[in-house]
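Text of run31.json, listed as JSON, N, CA and C atoms:
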```json
[["chain", "number", "residue", "atom", "x", "y", "z"],
["N", 1, "MET", "N", 74.21, 57.23, 113.26],
["N", 1, "MET", "CA", 72.77, 57.20, 113.10],
["N", 1, "MET", "C", 72.16, 58.05, 114.21],
["N", 2, "ILE", "N", 71.18, 58.85, 113.83],
["N", 2, "ILE", "CA", 70.51, 59.69, 114.80],
["N", 2, "ILE", "C", 69.20, 59.07, 115.24],
["N", 3, "ASP", "N", 68.43, 58.54, 114.27],
["N", 3, "ASP", "CA", 67.11, 58.01, 114.61],
["N", 3, "ASP", "C", 66.71, 56.94, 113.60],
["N", 4, "SER", "N", 66.00, 55.95, 114.07],
["N", 4, "SER", "CA", 65.47, 54.89, 113.21],
["N", 4, "SER", "C", 64.16, 54.41, 113.81],
["N", 5, "TRP", "N", 63.15, 54.20, 112.96],
["N", 5, "TRP", "CA", 61.86, 53.72, 113.45],
["N", 5, "TRP", "C", 61.16, 52.95, 112.34],
["N", 6, "THR", "N", 60.18, 52.14, 112.73],
["N", 6, "THR", "CA", 59.43, 51.36, 111.75],
["N", 6, "THR", "C", 57.94, 51.67, 111.85],
["N", 7, "LYS", "N", 57.26, 51.47, 110.72],
["N", 7, "LYS", "CA", 55.80, 51.64, 110.66],
["N", 7, "LYS", "C", 55.25, 50.61, 109.69],
["N", 8, "LYS", "N", 54.00, 50.27, 109.84],
["N", 8, "LYS", "CA", 53.32, 49.38, 108.89],
["N", 8, "LYS", "C", 52.72, 50.24, 107.78],
["N", 9, "SER", "N", 52.91, 49.80, 106.54],
["N", 9, "SER", "CA", 52.32, 50.52, 105.41],
["N", 9, "SER", "C", 50.87, 50.08, 105.25],
["N", 10, "ALA", "N", 50.16, 50.74, 104.35],
["N", 10, "ALA", "CA", 48.74, 50.43, 104.11],
["N", 10, "ALA", "C", 48.56, 48.99, 103.64],
["N", 11, "ASN", "N", 49.57, 48.44, 102.95],
["N", 11, "ASN", "CA", 49.46, 47.07, 102.46],
["N", 11, "ASN", "C", 50.01, 46.05, 103.46],
["N", 12, "GLY", "N", 50.31, 46.50, 104.69],
["N", 12, "GLY", "CA", 50.73, 45.59, 105.75],
["N", 12, "GLY", "C", 52.22, 45.30, 105.81],
["N", 13, "LYS", "N", 53.02, 45.94, 104.95],
["N", 13, "LYS", "CA", 54.46, 45.72, 104.97],
["N", 13, "LYS", "C", 55.12, 46.68, 105.96],
["N", 14, "THR", "N", 56.25, 46.27, 106.49],
["N", 14, "THR", "CA", 56.98, 47.09, 107.45],
["N", 14, "THR", "C", 57.95, 48.01, 106.71],
["N", 15, "VAL", "N", 57.88, 49.30, 107.01],
["N", 15, "VAL", "CA", 58.77, 50.30, 106.43],
["N", 15, "VAL", "C", 59.70, 50.79, 107.53],
["N", 16, "THR", "N", 60.99, 50.80, 107.24],
["N", 16, "THR", "CA", 61.98, 51.30, 108.19],
["N", 16, "THR", "C", 62.47, 52.66, 107.71],
["N", 17, "PHE", "N", 62.34, 53.66, 108.57],
["N", 17, "PHE", "CA", 62.80, 55.02, 108.28],
["N", 17, "PHE", "C", 64.08, 55.28, 109.06],
["N", 18, "LYS", "N", 65.00, 56.07, 108.48],
["N", 18, "LYS", "CA", 66.24, 56.41, 109.17],
["N", 18, "LYS", "C", 66.59, 57.87, 108.91],
["N", 19, "ILE", "N", 67.19, 58.48, 109.93],
["N", 19, "ILE", "CA", 67.79, 59.80, 109.80],
["N", 19, "ILE", "C", 69.25, 59.65, 110.21],
["N", 20, "GLU", "N", 70.16, 60.07, 109.32],
["N", 20, "GLU", "CA", 71.58, 59.99, 109.60],
["N", 20, "GLU", "C", 72.22, 61.33, 109.27],
["N", 21, "GLY", "N", 73.34, 61.64, 109.90],
["N", 21, "GLY", "CA", 74.08, 62.86, 109.59],
["N", 21, "GLY", "C", 74.27, 63.74, 110.80],
["N", 22, "ASP", "N", 74.65, 64.98, 110.52],
["N", 22, "ASP", "CA", 74.85, 65.95, 111.58],
["N", 22, "ASP", "C", 74.64, 67.36, 111.04],
["N", 23, "ARG", "N", 74.64, 68.31, 111.94],
["N", 23, "ARG", "CA", 74.37, 69.71, 111.55],
["N", 23, "ARG", "C", 75.53, 70.32, 110.76],
["N", 24, "LYS", "N", 76.69, 69.69, 110.80],
["N", 24, "LYS", "CA", 77.84, 70.20, 110.05],
["N", 24, "LYS", "C", 77.77, 69.83, 108.57],
["N", 25, "SER", "N", 77.48, 68.56, 108.29],
["N", 25, "SER", "CA", 77.51, 68.07, 106.91],
["N", 25, "SER", "C", 76.15, 67.92, 106.27],
["N", 26, "GLY", "N", 75.09, 67.98, 107.02],
["N", 26, "GLY", "CA", 73.75, 67.78, 106.47],
["N", 26, "GLY", "C", 73.21, 66.41, 106.86],
["N", 27, "PHE", "N", 72.01, 66.11, 106.41],
["N", 27, "PHE", "CA", 71.33, 64.90, 106.83],
["N", 27, "PHE", "C", 70.93, 64.04, 105.63],
["N", 28, "VAL", "N", 70.85, 62.74, 105.87],
["N", 28, "VAL", "CA", 70.37, 61.77, 104.89],
["N", 28, "VAL", "C", 69.12, 61.14, 105.49],
["N", 29, "TYR", "N", 68.04, 61.17, 104.73],
["N", 29, "TYR", "CA", 66.78, 60.58, 105.17],
["N", 29, "TYR", "C", 66.51, 59.38, 104.26],
["N", 30, "SER", "N", 66.17, 58.24, 104.84],
["N", 30, "SER", "CA", 65.94, 57.07, 104.01],
["N", 30, "SER", "C", 64.77, 56.24, 104.52],
["N", 31, "ALA", "N", 64.26, 55.41, 103.60],
["N", 31, "ALA", "CA", 63.19, 54.48, 103.94],
["N", 31, "ALA", "C", 63.44, 53.20, 103.16],
["N", 32, "GLY", "N", 63.14, 52.07, 103.78],
["N", 32, "GLY", "CA", 63.32, 50.79, 103.11],
["N", 32, "GLY", "C", 62.17, 49.87, 103.41],
["N", 33, "MET", "N", 61.81, 49.04, 102.40],
["N", 33, "MET", "CA", 60.71, 48.10, 102.58],
["N", 33, "MET", "C", 60.88, 46.97, 101.59],
["N", 34, "ASP", "N", 61.02, 45.76, 102.07],
["N", 34, "ASP", "CA", 61.02, 44.56, 101.23],
["N", 34, "ASP", "C", 61.72, 44.72, 99.89],
["N", 35, "GLY", "N", 63.01, 44.97, 99.91],
["N", 35, "GLY", "CA", 63.76, 44.99, 98.67],
["N", 35, "GLY", "C", 63.91, 46.34, 97.99],
["N", 36, "TRP", "N", 63.29, 47.39, 98.49],
["N", 36, "TRP", "CA", 63.53, 48.70, 97.90],
["N", 36, "TRP", "C", 63.97, 49.68, 98.97],
["N", 37, "ASP", "N", 64.86, 50.55, 98.59],
["N", 37, "ASP", "CA", 65.36, 51.59, 99.49],
["N", 37, "ASP", "C", 65.36, 52.90, 98.74],
["N", 38, "ILE", "N", 64.93, 53.96, 99.41],
["N", 38, "ILE", "CA", 65.03, 55.29, 98.83],
["N", 38, "ILE", "C", 65.77, 56.18, 99.82],
["N", 39, "LYS", "N", 66.55, 57.10, 99.29],
["N", 39, "LYS", "CA", 67.30, 58.04, 100.13],
["N", 39, "LYS", "C", 67.09, 59.43, 99.61],
["N", 40, "GLU", "N", 67.00, 60.35, 100.51],
["N", 40, "GLU", "CA", 66.93, 61.77, 100.18],
["N", 40, "GLU", "C", 68.08, 62.43, 100.93],
["N", 41, "ILE", "N", 69.01, 63.00, 100.19],
["N", 41, "ILE", "CA", 70.14, 63.68, 100.80],
["N", 41, "ILE", "C", 69.88, 65.17, 100.70],
["N", 42, "THR", "N", 69.93, 65.84, 101.81],
["N", 42, "THR", "CA", 69.66, 67.27, 101.80],
["N", 42, "THR", "C", 70.89, 68.04, 102.23],
["N", 43, "GLY", "N", 70.99, 69.25, 101.77],
["N", 43, "GLY", "CA", 72.05, 70.13, 102.20],
["N", 43, "GLY", "C", 71.64, 70.90, 103.45],
["N", 44, "SER", "N", 70.43, 70.62, 103.90],
["N", 44, "SER", "CA", 69.91, 71.35, 105.06],
["N", 44, "SER", "C", 70.65, 70.97, 106.32],
["N", 45, "LEU", "N", 70.93, 71.95, 107.11],
["N", 45, "LEU", "CA", 71.59, 71.69, 108.39],
["N", 45, "LEU", "C", 70.56, 71.55, 109.51],
["N", 46, "LYS", "N", 69.28, 71.68, 109.15],
["N", 46, "LYS", "CA", 68.20, 71.52, 110.12],
["N", 46, "LYS", "C", 67.66, 70.09, 110.03],
["N", 47, "MET", "N", 67.55, 69.41, 111.14],
["N", 47, "MET", "CA", 67.04, 68.05, 111.14],
["N", 47, "MET", "C", 65.51, 68.08, 111.11],
["N", 48, "LEU", "N", 64.93, 67.30, 110.18],
["N", 48, "LEU", "CA", 63.48, 67.21, 110.07],
["N", 48, "LEU", "C", 62.92, 66.32, 111.19],
["N", 49, "THR", "N", 61.63, 66.51, 111.48],
["N", 49, "THR", "CA", 60.96, 65.64, 112.44],
["N", 49, "THR", "C", 60.63, 64.31, 111.78],
["N", 50, "ARG", "N", 60.26, 63.31, 112.58],
["N", 50, "ARG", "CA", 59.85, 62.02, 112.03],
["N", 50, "ARG", "C", 58.68, 62.18, 111.06],
["N", 51, "GLU", "N", 57.71, 63.00, 111.44],
["N", 51, "GLU", "CA", 56.54, 63.21, 110.59],
["N", 51, "GLU", "C", 56.92, 63.85, 109.26],
["N", 52, "ASP", "N", 57.85, 64.83, 109.29],
["N", 52, "ASP", "CA", 58.32, 65.47, 108.07],
["N", 52, "ASP", "C", 59.02, 64.46, 107.15],
["N", 53, "VAL", "N", 59.82, 63.58, 107.74],
["N", 53, "VAL", "CA", 60.54, 62.57, 106.96],
["N", 53, "VAL", "C", 59.56, 61.61, 106.30],
["N", 54, "GLU", "N", 58.58, 61.14, 107.06],
["N", 54, "GLU", "CA", 57.57, 60.22, 106.51],
["N", 54, "GLU", "C", 56.81, 60.87, 105.35],
["N", 55, "THR", "N", 56.40, 62.10, 105.53],
["N", 55, "THR", "CA", 55.66, 62.83, 104.49],
["N", 55, "THR", "C", 56.52, 63.02, 103.25],
["N", 56, "MET", "N", 57.77, 63.43, 103.43],
["N", 56, "MET", "CA", 58.66, 63.67, 102.31],
["N", 56, "MET", "C", 58.86, 62.39, 101.50],
["N", 57, "LEU", "N", 59.10, 61.26, 102.17],
["N", 57, "LEU", "CA", 59.38, 60.02, 101.47],
["N", 57, "LEU", "C", 58.12, 59.42, 100.85],
["N", 58, "VAL", "N", 56.98, 59.58, 101.47],
["N", 58, "VAL", "CA", 55.72, 59.12, 100.88],
["N", 58, "VAL", "C", 55.43, 59.93, 99.62],
["N", 59, "ASN", "N", 55.63, 61.24, 99.67],
["N", 59, "ASN", "CA", 55.43, 62.09, 98.50],
["N", 59, "ASN", "C", 56.40, 61.71, 97.38],
["N", 60, "TYR", "N", 57.62, 61.37, 97.75],
["N", 60, "TYR", "CA", 58.63, 60.96, 96.76],
["N", 60, "TYR", "C", 58.16, 59.71, 96.02],
["N", 61, "VAL", "N", 57.69, 58.72, 96.76],
["N", 61, "VAL", "CA", 57.21, 57.47, 96.16],
["N", 61, "VAL", "C", 55.99, 57.74, 95.28],
["N", 62, "ALA", "N", 55.12, 58.66, 95.70],
["N", 62, "ALA", "CA", 53.92, 58.98, 94.94],
["N", 62, "ALA", "C", 54.21, 59.86, 93.73],
["N", 63, "GLY", "N", 55.45, 60.35, 93.60],
["N", 63, "GLY", "CA", 55.81, 61.18, 92.46],
["N", 63, "GLY", "C", 55.41, 62.62, 92.61],
["N", 64, "LYS", "N", 55.21, 63.09, 93.82],
["N", 64, "LYS", "CA", 54.83, 64.50, 94.04],
["N", 64, "LYS", "C", 56.03, 65.38, 94.24]]
```
Output the structure of this file as structure tokens.
Amino acid sequence: MIDSWTKKSANGKTVTFKIEGDRKSGFVYSAGMDGWDIKEITGSLKMLTREDVETMLVNYVAGK
């Protein structure tokens, strides 16, 4: 694991974000909240910032 952090969502639930992986194999970005988990696996060897991960996963949930 490279990084893990939590934030409160607009509805007051706690969301846990994680970044796992390395520059050799790529990175896995995930978020979990009260019974649901989403993962985004990228082939990118560049690690995204926390803000980029939050935006990507929020857009994913919103269907963008």
Pick out the residues sitting within 8 Å of region 32-45 of chain N, and hand them over as a compact mmCIF listing (two decimals) with N, CA and C atoms, keeping the file's coordinate frame; count only N, CA and C atoms, and ignore anything fewer than 6 positions along from it in its own chain.
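The result, written out as out-v3.txt:
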```txt
# COMPACT_ATOMS: atom_id res chain seq x y z
N LYS N 13 53.02 45.94 104.95
CA LYS N 13 54.46 45.72 104.97
C LYS N 13 55.12 46.68 105.96
N THR N 14 56.25 46.27 106.49
CA THR N 14 56.98 47.09 107.45
C THR N 14 57.95 48.01 106.71
N VAL N 15 57.88 49.30 107.01
CA VAL N 15 58.77 50.30 106.43
C VAL N 15 59.70 50.79 107.53
N THR N 16 60.99 50.80 107.24
CA THR N 16 61.98 51.30 108.19
C THR N 16 62.47 52.66 107.71
N PHE N 17 62.34 53.66 108.57
CA PHE N 17 62.80 55.02 108.28
C PHE N 17 64.08 55.28 109.06
N LYS N 18 65.00 56.07 108.48
CA LYS N 18 66.24 56.41 109.17
C LYS N 18 66.59 57.87 108.91
N ASP N 22 74.65 64.98 110.52
CA ASP N 22 74.85 65.95 111.58
C ASP N 22 74.64 67.36 111.04
N ARG N 23 74.64 68.31 111.94
CA ARG N 23 74.37 69.71 111.55
C ARG N 23 75.53 70.32 110.76
N LYS N 24 76.69 69.69 110.80
CA LYS N 24 77.84 70.20 110.05
C LYS N 24 77.77 69.83 108.57
N SER N 25 77.48 68.56 108.29
CA SER N 25 77.51 68.07 106.91
C SER N 25 76.15 67.92 106.27
N GLY N 26 75.09 67.98 107.02
CA GLY N 26 73.75 67.78 106.47
C GLY N 26 73.21 66.41 106.86
N LEU N 57 59.10 61.26 102.17
CA LEU N 57 59.38 60.02 101.47
C LEU N 57 58.12 59.42 100.85
```
>> Residues of chain N classed as strand (DSSP E or B) by DSSP on the backbone are to be reported as a PyMOL selection string.
In response: chain N and resi 3-8+14-22+26-33+36-42
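Remark: for Glu20 (chain N), the closest of the candidate residues N:Leu48, N:Ile2, N:Ala62, N:Met56 is N:Ile2 (distances computed over all atoms listed in the file).
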> In chain N, what's helix (DSSP H, G or I) per DSSP? Answer as JSON, numbers by chain?
Replying inline: {"N": [50, 51, 52, 53, 54, 55, 56, 57, 58, 59, 60, 61, 62]}
>> Using Å and a single decimal, report how far atom C of Ala10 (chain N) sits from atom C of Arg50 (chain N).
In response: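 One can read the atom C of Arg50 (chain N) to atom C of Ala10 (chain N) distance as 18.2 Å.
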Assuming 8 Å of padding per side, give the centre and edge lengths of the axis-aligned box around every listed atom of region 41-58 of chain N, in Å to one decimal and as JSON.
```
{"center_x": 63.7, "center_y": 65.5, "center_z": 106.1, "size_x": 32.6, "size_y": 28.8, "size_z": 29.0}
```
>> Rounded to one decimal, what separation in Å do you get between atom N of Val61 (chain N) and atom C of Gly21 (chain N)?
In response: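 So the two atoms, atom N of Val61 (chain N) and atom C of Gly21 (chain N), lie 22.3 Å apart.
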> Distance atom N of Tyr29 (chain N)-atom C of Lys8 (chain N), one decimal place?
Replying inline: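 It comes out at 19.1 Å.
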>> Let me make sure I understand: among N:Ser30, N:Ile19, N:Gly63, N:Lys7, which one has the smallest atom-to-atom distance to Thr49 (chain N) if we use only C-alpha atoms?
In response: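 So, comparing all the options, the nearest one is N:Ile19.
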